[in-house]
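Take a look at the structure set out below.
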Amino acid sequence: MSQISAHRWSDDDDDAADADLPGVPVVYRKGQRGDRYVNEYLVDRFIARGSWARVRKVKKADEKYKEYAAKVFLLSSLQSNRTAVYGPGGLVKTKSALSKVLDEIALHATLSHPNICRQMQVLTDTDKGYLYVILEYLDGGQIMKWDTKKMAYSVPMDNKGQDQPSTSSSIGASGALLLPQTSSDNGAGGSEEEMAAADGKKVMVYSEHAARHILVHVVCGLMYLRRVGVVHKDIKPENVILTKSIAHATDAVRELMLPSDAPPADRQDPPRPPAPISLPAPPAPAIQHDDHEEDDGSDGRSWGGDPLDDDDMMEEDDACGSSDDEMGLRGDDDDFCWDDAPIVAETEIERLGQTAPTAAATGAGAGEVRQEGGGGGGHGGGQECVSERLGGACGWMAKIVDFTTAEKMDQDGHRFYDADGTHLFGSPELFDSNKSQCGVLGPPRDVWALGCTLSCMLFARPPFWHETPLAAQFSLLQDPLVIPSKPPITNEARDLITRLLDKDPLSRIKVEDILSHEWFRPLVVALEGRQDSSSSSSISGMCTVNGNN
């Protein structure tokens with residue numbers, strides 16, 4: 001018997017019964033023109049897929065068809081899959097994926113901040129076995145996408161599938177706010193042959209100006225999570241979503257030619273050390289992403305069916321290469337939920353939301369999520385967060401999504417024994433057996449992942465990257481941090497990256513100190529120039545950590 005199994009806890013009886021599921025009951029309806037509705041939500045196009053859910057855009061009929069995102073879970077898949085939960089002393093137990101998702105829903109319902117994607121409502125179909133989580137819809141998509149051919153991140157330039165310049169936000173002179181402005185075409189020159197040869201190595205990364213603006217939003221969100229005692233565990237470009245795309249804004253992005261021989265191919269990897277008992281270290285996977293417009297970031301373990309699918313929206317395979325048949329779909333008829341659905345007038349559907357049962361009527365956690373500041377208590381007496389001030393001036397905001405791996409800390413100093421999240425964004429202490437057996441602190445791992453995300457925004461790859469996951473893990477543990485020389489960045493940016501990626505979690509910069517760094521000084525000057533009442537010497541003092549709606 002292995003040492004892990006010898007220390008195994010008894011599995012908790014945590015499989016939620018149907019009666020314990022949160023949410024408003026689901027009724028399927030058809031509009032007079034053949035439109036499909038789930039309660040008062042009009043089903044629109046496919047957005048993304050994760051590992052436990054598919055995501056679709058829906059429109060709420062009783063709110064003049066305002067757009068939302070719906071995560072669709074198949075209950076049978078969640079109930080049949082289990083995930084490991086690690087504890088001190090090498091102890092491990094398992095819990096159902098359903099319990100994991102319900103924990104995520106309950107935690108997300110307590111969060112309310114302008115830089116956190118809002119969870120709006122939960123719908124449950126116990127008859128056909130589906131769970132719908134309605135989320136705030138963010139039209140700008142994830143800040144970067146992973147290009148599997150180039151093995152690098154790149155700013156998506158084809159917002160909603162159209163590679164066309166758009167009227168968006170732009171960067172002015174150094175330190176200026178991202179003010180709305182019509183973008184210009186910064187196409188590269190050269191012959192067709194030269195451009196074709198270079199295209200295989202070319203990616204689009206953010207300028208420092210744009211990265212600075214985006215990072216303010218993410219840090220404000222992390223400061224709020226720190227205030228309410230939540231560790232995200234999976235900060236990465238896929239989990240930072242924009243309300244509007246800034247890809248075509250003036251000076252927001254720039255081309256980067258990837259080095260031909262990066263990372264070094266002649267690296268000799270030492271023998272793999274045994275995995276620590278308290279922190280079993282599964283192989284750090286190469287980043288696998290699909291090519292959909294957005295990634296909901298649901299890093300689960302099994303795909304389920306989606307009653308909202310139709311032939312025009314279906315994708316052949318998910319990111320893990322599993323076909324729909326392998327995932328237990330309910331047959332070839334994607335419209336089975338609407339087979340017997342009544343046909344009703346749009347005016348009737350528009351009245352549904354006004355009479356829908358609320359959380360108070362259907363039980364705790366059900367119905368519309370009524371956020372009360374996530375334990376943070378209001379919005380600081382009406383004080384506006386710096387991210388909202390920037391968002392109001394620029395016309396866009398960035399928000400943190402996907403709380404699949406997030407956990408609540410019992411107290412400061414709470415230690416975790418897992419390596420959840422995306423391993424290429426995992427901090428070194430997660431894989432160091434000498435440290436992980438004693439548990440690792442939560443907030444420093446989010447700071448490290450933030451540093452990796454900033455590295456991706458500026459250099460297209462996380463630090464210590466290697467095509468071989470095992471080599472990347474050894475590089476993380478053994479090699480010093482090397483900041484690329486191209487594209488050139490300021491000394492202030494290099495210093496911030498160095499402090500975010502300090503391998504010692506105790507000396508790593510704290511999340512509440514990040515916005516006081518000199519790299520953010522240009523935004524302080526710009527904000528104080530627009531706000532005479534502001535005399536703060538750092539942008540950190542302008543960021544509220546209490547929640548708001």
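Quick note on naming: the chains in the structure tokens go A, B, ... in the order shown, residues restart at 1 in each chain, and ligands are numbered from 1 in order of appearance.
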
*If you run DSSP over the backbone, which residues in segment 397-474 of chain A end up alpha helix (DSSP H)? Put them as a PyMOL selection string.*
chain A and resi 433-436+442-459+469-474

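Backbone DSSP over segment 394-430 of chain A yields strand (DSSP E or B) at A:Ala398, A:Lys399, A:Ile400, A:Glu407, A:Lys408, A:Arg415, A:Phe416.
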
Any chance you could export the current selection's C-alpha atoms as a PDB file, in the first residue's frame?
ATOM      1  CA  ALA A 398     -10.545  44.067 -16.608  1.00  0.00           C
ATOM      2  CA  LYS A 399     -12.113  41.474 -14.313  1.00  0.00           C
ATOM      3  CA  ILE A 400     -10.971  38.264 -12.641  1.00  0.00           C
ATOM      4  CA  GLU A 407     -10.561  28.775  -1.370  1.00  0.00           C
ATOM      5  CA  LYS A 408     -11.396  30.731   1.715  1.00  0.00           C
ATOM      6  CA  ARG A 415      -1.552  27.055   4.760  1.00  0.00           C
ATOM      7  CA  PHE A 416      -2.553  25.000   1.746  1.00  0.00           C
TER       8      PHE A 416
END

*Just the residues within 10 Å of segment 445-451 of chain A, please, counting only C-alpha atoms, with nothing from its chain fewer than 5 positions along; format it as a PyMOL selection string.*
chain A and resi 215+218-219+222+226+231-237+419+421-430+440+456-457+462-463+496-503+505+508-511+514

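Nearest residue to His248 of chain A, choosing from A:Pro487, A:Gly229, A:Gly140, A:Pro522 and counting only C-alpha atoms: A:Gly140.
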
_With distances taken over only C-alpha atoms, which residue among A:Glu136, A:Asp504, A:Asp479, A:Asp410 lies nearest Tyr68 of chain A?_
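Among the listed residues, the smallest separation from Tyr68 of chain A belongs to A:Glu136.
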